[in-house]
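Reproduced below: entry.cif, with mmCIF, C-alpha atoms.
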```
data_target
#
loop_
_atom_site.label_atom_id
_atom_site.label_comp_id
_atom_site.auth_asym_id
_atom_site.auth_seq_id
_atom_site.Cartn_x
_atom_site.Cartn_y
_atom_site.Cartn_z
CA MET A 1 80.16 81.97 -11.97
CA GLN A 2 82.10 80.20 -14.70
CA ALA A 3 83.20 82.82 -17.20
CA ALA A 4 84.88 82.42 -20.56
CA VAL A 5 86.96 85.26 -21.99
CA ILE A 6 87.30 85.18 -25.78
CA VAL A 7 90.80 85.96 -27.03
CA PHE A 8 91.29 87.39 -30.52
CA PRO A 9 94.57 88.44 -32.14
CA GLY A 10 95.12 92.10 -31.25
CA ILE A 11 93.05 92.06 -28.07
CA ASN A 12 94.90 93.61 -25.11
CA ARG A 13 92.38 93.85 -22.24
CA GLU A 14 91.74 90.14 -21.76
CA ARG A 15 94.07 89.84 -18.77
CA ASP A 16 92.54 92.82 -16.98
CA MET A 17 89.16 91.22 -17.52
CA ALA A 18 90.32 87.77 -16.37
CA ARG A 19 91.89 89.26 -13.24
CA THR A 20 88.69 91.09 -12.35
CA LEU A 21 86.51 88.02 -12.97
CA LYS A 22 88.75 85.97 -10.68
CA LEU A 23 88.83 88.71 -8.05
CA VAL A 24 85.06 89.14 -7.89
CA SER A 25 83.82 85.60 -8.55
CA GLY A 26 86.67 83.64 -6.97
CA ARG A 27 86.94 81.46 -10.06
CA GLU A 28 89.50 81.61 -12.80
CA PRO A 29 87.80 82.26 -16.15
CA ALA A 30 88.55 80.07 -19.16
CA MET A 31 90.53 81.83 -21.88
CA VAL A 32 89.02 80.73 -25.19
CA TRP A 33 90.92 81.19 -28.45
CA HIS A 34 89.02 82.73 -31.36
CA ALA A 35 89.72 79.78 -33.65
CA ASP A 36 88.03 77.34 -31.26
CA THR A 37 84.51 76.31 -32.12
CA ALA A 38 83.08 75.49 -28.68
CA LEU A 39 82.87 77.10 -25.26
CA PRO A 40 83.93 75.07 -22.20
CA ALA A 41 81.02 73.07 -20.77
CA GLY A 42 79.32 74.92 -17.94
CA THR A 43 80.14 78.42 -19.18
CA ASP A 44 77.54 80.82 -17.85
CA LEU A 45 79.11 84.14 -18.82
CA VAL A 46 80.96 84.90 -22.05
CA VAL A 47 83.08 88.05 -22.02
CA VAL A 48 84.32 89.64 -25.23
CA PRO A 49 87.09 91.95 -23.98
CA GLY A 50 88.59 95.15 -25.30
CA GLY A 51 91.59 95.83 -27.46
CA PHE A 52 92.27 96.11 -31.16
CA SER A 53 91.26 92.81 -32.71
CA TYR A 54 92.86 92.45 -36.14
CA GLY A 55 94.29 95.95 -35.78
CA ASP A 56 90.80 97.42 -36.30
CA TYR A 57 91.19 96.54 -39.99
CA LEU A 58 88.14 97.06 -42.22
CA ARG A 59 85.90 98.25 -39.35
CA CYS A 60 86.44 97.89 -35.61
CA GLY A 61 85.40 94.38 -34.63
CA ALA A 62 84.32 93.39 -38.15
CA ILE A 63 86.79 90.56 -38.67
CA ALA A 64 86.65 89.23 -35.11
CA ALA A 65 82.86 89.08 -35.40
CA ARG A 66 83.26 86.45 -38.13
CA ALA A 67 85.75 84.29 -36.16
CA PRO A 68 84.89 80.58 -35.70
CA ILE A 69 84.16 80.92 -31.95
CA MET A 70 81.45 83.51 -32.60
CA ASP A 71 78.95 80.84 -33.71
CA ALA A 72 79.31 79.27 -30.27
CA VAL A 73 78.90 82.69 -28.63
CA ARG A 74 75.73 83.32 -30.67
CA ALA A 75 74.40 79.88 -29.69
CA HIS A 76 75.18 80.59 -26.02
CA ALA A 77 73.28 83.90 -26.25
CA ALA A 78 70.37 82.28 -28.09
CA LYS A 79 69.98 79.83 -25.17
CA GLY A 80 69.75 82.77 -22.77
CA GLY A 81 73.40 82.65 -21.66
CA LEU A 82 74.96 85.90 -20.49
CA VAL A 83 77.30 87.80 -22.81
CA LEU A 84 79.26 90.93 -21.89
CA GLY A 85 81.12 92.91 -24.56
CA VAL A 86 83.41 95.73 -23.42
CA CYS A 87 84.95 98.34 -25.71
CA ASN A 88 86.25 96.43 -28.75
CA GLY A 89 84.06 93.61 -27.42
CA PHE A 90 81.02 95.90 -27.79
CA GLN A 91 82.07 96.66 -31.36
CA ILE A 92 82.55 92.94 -32.04
CA ILE A 93 79.15 91.85 -30.72
CA CYS A 94 77.44 94.63 -32.69
CA GLU A 95 79.22 93.46 -35.84
CA ALA A 96 78.24 89.88 -34.97
CA GLY A 97 74.58 90.89 -34.91
CA LEU A 98 74.09 90.24 -31.17
CA LEU A 99 73.27 93.91 -30.62
CA PRO A 100 71.89 96.53 -33.01
CA GLY A 101 73.79 99.59 -34.20
CA VAL A 102 77.39 100.57 -34.82
CA LEU A 103 80.21 102.34 -32.97
CA MET A 104 81.44 105.15 -35.19
CA ARG A 105 84.54 107.34 -34.98
CA ASN A 106 84.41 109.67 -31.96
CA GLN A 107 82.82 112.97 -32.88
CA ASN A 108 86.04 114.91 -32.19
CA LEU A 109 88.13 112.36 -34.15
CA LYS A 110 90.36 111.77 -31.12
CA PHE A 111 91.25 108.62 -29.25
CA ILE A 112 89.95 109.35 -25.76
CA CYS A 113 91.55 107.70 -22.73
CA ARG A 114 90.30 108.94 -19.38
CA ASP A 115 87.70 108.42 -16.68
CA VAL A 116 84.08 109.20 -17.51
CA TYR A 117 80.89 109.23 -15.46
CA LEU A 118 78.06 106.89 -16.28
CA ARG A 119 74.48 107.10 -15.10
CA VAL A 120 73.06 103.65 -14.43
CA GLU A 121 69.55 103.73 -15.90
CA ARG A 122 68.14 100.52 -14.42
CA SER A 123 69.03 98.18 -11.61
CA ASP A 124 66.71 95.32 -12.55
CA THR A 125 69.00 93.51 -14.99
CA PRO A 126 71.67 90.84 -14.36
CA PHE A 127 74.33 93.39 -15.33
CA THR A 128 73.18 96.32 -13.20
CA ARG A 129 71.64 94.71 -10.11
CA GLY A 130 74.77 95.69 -8.20
CA TYR A 131 73.80 99.35 -8.63
CA ASN A 132 70.84 101.59 -7.93
CA ALA A 133 68.90 103.16 -10.80
CA GLY A 134 70.15 106.70 -11.25
CA GLN A 135 73.47 105.97 -9.54
CA VAL A 136 76.53 107.61 -11.12
CA ILE A 137 79.70 105.56 -11.45
CA ARG A 138 83.19 106.55 -12.59
CA VAL A 139 84.95 104.20 -15.02
CA PRO A 140 87.70 104.60 -17.62
CA VAL A 141 87.23 104.73 -21.38
CA ALA A 142 89.92 104.18 -24.00
CA HIS A 143 88.60 104.25 -27.53
CA GLY A 144 88.65 106.06 -30.85
CA GLU A 145 85.39 104.57 -32.11
CA GLY A 146 82.79 104.69 -29.38
CA ASN A 147 80.20 106.96 -30.93
CA TYR A 148 77.10 104.76 -30.85
CA ILE A 149 74.63 105.15 -33.67
CA ALA A 150 71.64 103.23 -35.00
CA ASP A 151 68.68 104.13 -37.18
CA GLY A 152 65.86 106.15 -35.64
CA LYS A 153 63.54 103.18 -35.30
CA THR A 154 66.16 101.14 -33.44
CA ILE A 155 66.95 104.03 -31.07
CA ALA A 156 63.23 104.54 -30.37
CA ARG A 157 62.93 100.84 -29.61
CA LEU A 158 65.99 100.75 -27.34
CA GLU A 159 64.71 103.76 -25.42
CA GLY A 160 61.10 102.55 -25.33
CA GLU A 161 62.10 99.15 -23.98
CA GLY A 162 64.53 100.57 -21.41
CA ARG A 163 67.49 98.87 -23.03
CA VAL A 164 69.95 101.72 -22.51
CA LEU A 165 71.63 100.66 -19.26
CA PHE A 166 74.45 103.23 -19.12
CA ARG A 167 74.66 106.84 -20.33
CA TYR A 168 77.57 109.27 -20.29
CA ALA A 169 76.69 111.87 -17.69
CA SER A 170 78.08 114.63 -15.51
CA PRO A 171 79.34 113.67 -12.02
CA ASP A 172 75.89 114.55 -10.66
CA GLY A 173 74.08 112.47 -13.25
CA MET A 174 72.97 115.12 -15.73
CA ILE A 175 72.94 114.21 -19.43
CA ASP A 176 74.87 117.01 -21.09
CA PRO A 177 76.75 117.19 -24.43
CA ASP A 178 79.80 118.46 -22.51
CA TRP A 179 80.03 115.11 -20.70
CA ASN A 180 79.27 112.97 -23.76
CA HIS A 181 82.92 112.67 -24.79
CA ASN A 182 82.41 110.64 -27.99
CA GLY A 183 79.15 112.14 -29.26
CA ALA A 184 77.08 108.95 -28.95
CA ILE A 185 73.41 109.40 -29.76
CA ASN A 186 71.39 110.00 -26.56
CA ALA A 187 74.73 109.70 -24.69
CA ILE A 188 74.44 105.91 -24.98
CA ALA A 189 77.35 104.10 -23.31
CA GLY A 190 75.86 100.62 -22.95
CA ILE A 191 72.87 98.71 -24.33
CA LEU A 192 71.06 95.46 -23.68
CA ASN A 193 69.68 93.05 -26.31
CA ASP A 194 65.94 92.42 -26.50
CA GLU A 195 66.16 89.23 -24.40
CA GLY A 196 68.08 91.03 -21.66
CA ASN A 197 71.07 88.67 -21.58
CA VAL A 198 73.62 90.49 -23.78
CA LEU A 199 75.22 93.77 -22.72
CA GLY A 200 77.63 95.84 -24.79
CA MET A 201 79.37 98.89 -23.33
CA MET A 202 82.30 101.10 -24.32
CA PRO A 203 83.72 101.92 -20.83
CA HIS A 204 85.90 99.49 -18.88
CA PRO A 205 84.29 98.53 -15.55
CA GLU A 206 86.99 95.86 -15.12
CA ASN A 207 89.57 98.59 -14.58
CA HIS A 208 87.88 100.09 -11.51
CA VAL A 209 87.48 97.20 -9.12
CA GLU A 210 90.13 97.61 -6.41
CA PRO A 211 91.13 100.48 -4.10
CA SER A 212 94.63 100.38 -5.61
CA MET A 213 93.06 101.35 -8.96
CA GLY A 214 91.80 104.53 -7.34
CA CYS A 215 88.15 103.59 -7.66
CA THR A 216 85.95 100.52 -7.24
CA ASP A 217 82.84 101.71 -9.09
CA GLY A 218 83.13 99.00 -11.75
CA ARG A 219 82.93 96.19 -9.25
CA GLY A 220 79.14 96.36 -8.93
CA LEU A 221 78.67 95.07 -12.45
CA PHE A 222 80.64 91.88 -11.79
CA ALA A 223 79.33 91.42 -8.27
CA GLY A 224 75.81 91.76 -9.68
CA LEU A 225 76.48 89.05 -12.25
CA VAL A 226 77.82 86.73 -9.56
CA ASP A 227 74.69 87.34 -7.45
CA HIS A 228 72.41 86.83 -10.43
CA LEU A 229 73.99 83.49 -11.31
CA LYS A 230 73.96 82.34 -7.68
CA GLN A 231 70.22 83.03 -7.49
CA ALA A 232 69.56 81.40 -10.84
CA ALA A 233 71.43 78.25 -9.78
CA MET B 1 87.83 88.05 -63.33
CA LYS B 2 88.49 91.37 -61.70
CA ALA B 3 85.93 93.27 -59.72
CA ARG B 4 85.69 96.42 -57.68
CA VAL B 5 83.47 96.78 -54.65
CA THR B 6 82.89 100.33 -53.46
CA VAL B 7 81.57 100.92 -49.95
CA THR B 8 80.16 104.32 -49.03
CA LEU B 9 78.44 105.71 -45.97
CA LYS B 10 74.69 106.04 -46.22
CA SER B 11 73.41 109.57 -46.48
CA GLY B 12 72.54 110.99 -43.09
CA ILE B 13 75.34 109.08 -41.36
CA LEU B 14 77.77 111.53 -39.83
CA ASP B 15 81.25 111.15 -41.36
CA PRO B 16 83.76 112.93 -39.13
CA GLN B 17 86.68 111.69 -41.24
CA GLY B 18 85.13 113.14 -44.41
CA LYS B 19 84.52 116.38 -42.52
CA ALA B 20 88.17 116.55 -41.44
CA ILE B 21 89.34 115.95 -45.02
CA GLU B 22 86.89 118.58 -46.26
CA GLY B 23 88.35 121.05 -43.75
CA ALA B 24 91.91 120.22 -44.82
CA LEU B 25 91.07 120.71 -48.50
CA LYS B 26 89.59 124.09 -47.69
CA THR B 27 92.72 124.97 -45.69
CA LEU B 28 94.82 124.01 -48.73
CA GLY B 29 92.83 126.49 -50.78
CA VAL B 30 91.27 123.91 -53.10
CA LYS B 31 88.42 125.84 -54.64
CA GLY B 32 84.81 124.75 -54.79
CA VAL B 33 84.87 121.78 -52.38
CA ALA B 34 81.33 121.64 -51.01
CA SER B 35 81.57 118.38 -49.06
CA VAL B 36 83.62 115.19 -48.74
CA ARG B 37 82.45 111.72 -47.75
CA GLN B 38 85.05 109.02 -47.20
CA GLY B 39 84.51 105.46 -48.41
CA LYS B 40 86.42 102.27 -49.22
CA VAL B 41 87.37 100.50 -52.45
CA PHE B 42 88.12 96.77 -52.66
CA ASP B 43 89.77 95.40 -55.81
CA ILE B 44 89.05 91.69 -55.92
CA GLU B 45 90.21 88.95 -58.24
CA ILE B 46 87.62 86.24 -58.38
CA LYS B 47 87.31 82.87 -60.08
CA ALA B 48 83.80 82.11 -61.27
CA LYS B 49 82.21 80.32 -64.18
CA ASP B 50 80.48 83.45 -65.43
CA GLY B 51 79.68 87.04 -64.57
CA LYS B 52 76.45 86.11 -62.84
CA ALA B 53 78.18 83.69 -60.47
CA ALA B 54 80.91 86.24 -59.77
CA ALA B 55 78.36 88.96 -59.03
CA ALA B 56 76.52 86.65 -56.62
CA ALA B 57 79.75 85.78 -54.78
CA LEU B 58 80.74 89.44 -54.56
CA LYS B 59 77.32 90.39 -53.22
CA ALA B 60 77.75 87.73 -50.54
CA ALA B 61 81.21 89.12 -49.72
CA ALA B 62 79.82 92.63 -49.37
CA ASP B 63 76.81 91.58 -47.30
CA LYS B 64 78.77 89.27 -45.00
CA LEU B 65 81.87 91.35 -44.42
CA LEU B 66 82.91 94.23 -46.64
CA ALA B 67 80.03 96.53 -45.75
CA ASN B 68 78.10 97.06 -42.54
CA THR B 69 74.70 97.67 -44.08
CA VAL B 70 73.49 99.47 -40.96
CA ILE B 71 75.56 102.46 -42.01
CA GLU B 72 77.01 101.65 -45.44
CA ASN B 73 75.91 101.08 -49.02
CA TYR B 74 77.95 99.10 -51.52
CA ASP B 75 78.29 98.83 -55.24
CA VAL B 76 79.74 95.83 -57.10
CA LYS B 77 81.30 96.30 -60.56
CA LEU B 78 82.79 93.52 -62.65
CA LEU B 79 85.79 94.81 -64.61
CA LYS B 80 86.78 93.26 -67.92
#
```
Is it possible to give me this structure as structure tokens?
Amino acid sequence: MQAAVIVFPGINRERDMARTLKLVSGREPAMVWHADTALPAGTDLVVVPGGFSYGDYLRCGAIAARAPIMDAVRAHAAKGGLVLGVCNGFQIICEAGLLPGVLMRNQNLKFICRDVYLRVERSDTPFTRGYNAGQVIRVPVAHGEGNYIADGKTIARLEGEGRVLFRYASPDGMIDPDWNHNGAINAIAGILNDEGNVLGMMPHPENHVEPSMGCTDGRGLFAGLVDHLKQAA
Amino acid sequence: MKARVTVTLKSGILDPQGKAIEGALKTLGVKGVASVRQGKVFDIEIKAKDGKAAAAALKAAADKLLANTVIENYDVKLLK
């Protein structure tokens, strides 16, 4: 798996992401600066990491989404290449038009930094093949704007096409407002594009990949991607 | 030429920030506040050959960046 991690000014999770990609795939990812206009040849996964690109000015992810490199990311996605956006990366790829909807201010207006439980809705995608459908995983969140919203038609389409891959849930997998920390519609934590090759999610699977982190539940996502690309090769 | 672009949330979009401000105004005892919605104002100086060209450029600015039209409306006003 040859991954490329896009680096914007104000991003702060790119090294966590790079470390995890190296750990799970065995290959060092390329770090690609936002002002570049091309991805390294042979890139098969683009990761837009978390942080606070451009200080969250205007709207979270809005300015990063218009950076020069994003045309190359869009072209990569249009060719069927895999794209993963985490946290601010999810906000950025929504603003860039790669995914529908918007991440709004958390319902309780607070920045929330803690572990949450996610129910994996499907296991038949490149991003979730390392899990079983219905499995509950524990991963950290750290965001002030993670409250996913889209118009009713878009939500109906996402749900109808099974494009919600992760939902905030209780530790035993129940969908309950008490466990939906940011108030996202239908407890949506992560969604897939219509072609199935772009995933955006608010939680940070890259921060739960080693026993020393206290949990390895995030590892399945990256291990699944490695498997997927091995089989596709 | 000077212009002002106002960006507001579409109706039906939850505005927790507006709600918090509304609550604070009520706490302050400001009478008669029924609801508050928060938006953004951009004051822009623009060079264009006429008002029509300026309006077109400002519309492009709003569509491409200033507003996220999934959740926001915008209004462009050219100021004399």
A straight line from atom CA of Lys40 of chain B to atom CA of Gly55 of chain A spans 16.8 Å
Exercise for the section: For segment 33-45 of chain A, please output as a ChimeraX atom specification all residues within 10 Å (counting only C-alpha atoms; exclusion window: fewer than 6 positions along the same chain). Expected result: /A:1-9,64-73,75-77,80-84,197-198,225-226,229
Would you put the residues from that selection into a file with C-alpha atoms, as a short mmCIF file (atom, residue, chain, number, x, y, z; two decimals), in the coordinates of the input?
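This is the output file out-v7.cif:
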```
data_model
loop_
_atom_site.label_atom_id
_atom_site.label_comp_id
_atom_site.auth_asym_id
_atom_site.auth_seq_id
_atom_site.Cartn_x
_atom_site.Cartn_y
_atom_site.Cartn_z
CA MET A 1 80.16 81.97 -11.97
CA GLN A 2 82.10 80.20 -14.70
CA ALA A 3 83.20 82.82 -17.20
CA ALA A 4 84.88 82.42 -20.56
CA VAL A 5 86.96 85.26 -21.99
CA ILE A 6 87.30 85.18 -25.78
CA VAL A 7 90.80 85.96 -27.03
CA PHE A 8 91.29 87.39 -30.52
CA PRO A 9 94.57 88.44 -32.14
CA ALA A 64 86.65 89.23 -35.11
CA ALA A 65 82.86 89.08 -35.40
CA ARG A 66 83.26 86.45 -38.13
CA ALA A 67 85.75 84.29 -36.16
CA PRO A 68 84.89 80.58 -35.70
CA ILE A 69 84.16 80.92 -31.95
CA MET A 70 81.45 83.51 -32.60
CA ASP A 71 78.95 80.84 -33.71
CA ALA A 72 79.31 79.27 -30.27
CA VAL A 73 78.90 82.69 -28.63
CA ALA A 75 74.40 79.88 -29.69
CA HIS A 76 75.18 80.59 -26.02
CA ALA A 77 73.28 83.90 -26.25
CA GLY A 80 69.75 82.77 -22.77
CA GLY A 81 73.40 82.65 -21.66
CA LEU A 82 74.96 85.90 -20.49
CA VAL A 83 77.30 87.80 -22.81
CA LEU A 84 79.26 90.93 -21.89
CA ASN A 197 71.07 88.67 -21.58
CA VAL A 198 73.62 90.49 -23.78
CA LEU A 225 76.48 89.05 -12.25
CA VAL A 226 77.82 86.73 -9.56
CA LEU A 229 73.99 83.49 -11.31
#
```
Which residues would end up in the selection if the PyMOL selection byres ((chain B) within 12 of (chain A)) were applied here, given that I need the answer as a PDB file with C-alpha atoms, in the coordinates of the input?
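Writing done, so here's selection07.pdb:
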```pdb
ATOM      1  CA  VAL B   7      81.570 100.920 -49.950  1.00  0.00           C
ATOM      2  CA  LEU B   9      78.440 105.710 -45.970  1.00  0.00           C
ATOM      3  CA  LYS B  10      74.690 106.040 -46.220  1.00  0.00           C
ATOM      4  CA  SER B  11      73.410 109.570 -46.480  1.00  0.00           C
ATOM      5  CA  GLY B  12      72.540 110.990 -43.090  1.00  0.00           C
ATOM      6  CA  ILE B  13      75.340 109.080 -41.360  1.00  0.00           C
ATOM      7  CA  LEU B  14      77.770 111.530 -39.830  1.00  0.00           C
ATOM      8  CA  ASP B  15      81.250 111.150 -41.360  1.00  0.00           C
ATOM      9  CA  PRO B  16      83.760 112.930 -39.130  1.00  0.00           C
ATOM     10  CA  GLN B  17      86.680 111.690 -41.240  1.00  0.00           C
ATOM     11  CA  GLY B  18      85.130 113.140 -44.410  1.00  0.00           C
ATOM     12  CA  LYS B  19      84.520 116.380 -42.520  1.00  0.00           C
ATOM     13  CA  ALA B  20      88.170 116.550 -41.440  1.00  0.00           C
ATOM     14  CA  ILE B  21      89.340 115.950 -45.020  1.00  0.00           C
ATOM     15  CA  GLY B  39      84.510 105.460 -48.410  1.00  0.00           C
ATOM     16  CA  LYS B  40      86.420 102.270 -49.220  1.00  0.00           C
ATOM     17  CA  VAL B  41      87.370 100.500 -52.450  1.00  0.00           C
ATOM     18  CA  PHE B  42      88.120  96.770 -52.660  1.00  0.00           C
ATOM     19  CA  ALA B  62      79.820  92.630 -49.370  1.00  0.00           C
ATOM     20  CA  ASP B  63      76.810  91.580 -47.300  1.00  0.00           C
ATOM     21  CA  LYS B  64      78.770  89.270 -45.000  1.00  0.00           C
ATOM     22  CA  LEU B  65      81.870  91.350 -44.420  1.00  0.00           C
ATOM     23  CA  LEU B  66      82.910  94.230 -46.640  1.00  0.00           C
ATOM     24  CA  ALA B  67      80.030  96.530 -45.750  1.00  0.00           C
ATOM     25  CA  ASN B  68      78.100  97.060 -42.540  1.00  0.00           C
ATOM     26  CA  THR B  69      74.700  97.670 -44.080  1.00  0.00           C
ATOM     27  CA  VAL B  70      73.490  99.470 -40.960  1.00  0.00           C
ATOM     28  CA  ILE B  71      75.560 102.460 -42.010  1.00  0.00           C
ATOM     29  CA  GLU B  72      77.010 101.650 -45.440  1.00  0.00           C
TER      30      GLU B  72
END
```
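Across the structure, atom CA of Glu145 of chain A and atom CA of Thr6 of chain B are spaced 21.9 Å apart.
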Inset, instruction - Could you give me, as a PyMOL selection string, the residues that sit within 12 Å of (94.7, 88.9, -17.3) in the file's coordinates, counting only C-alpha atoms? - result: chain A and resi 5-7+11-23+28-31+49-50+206-207
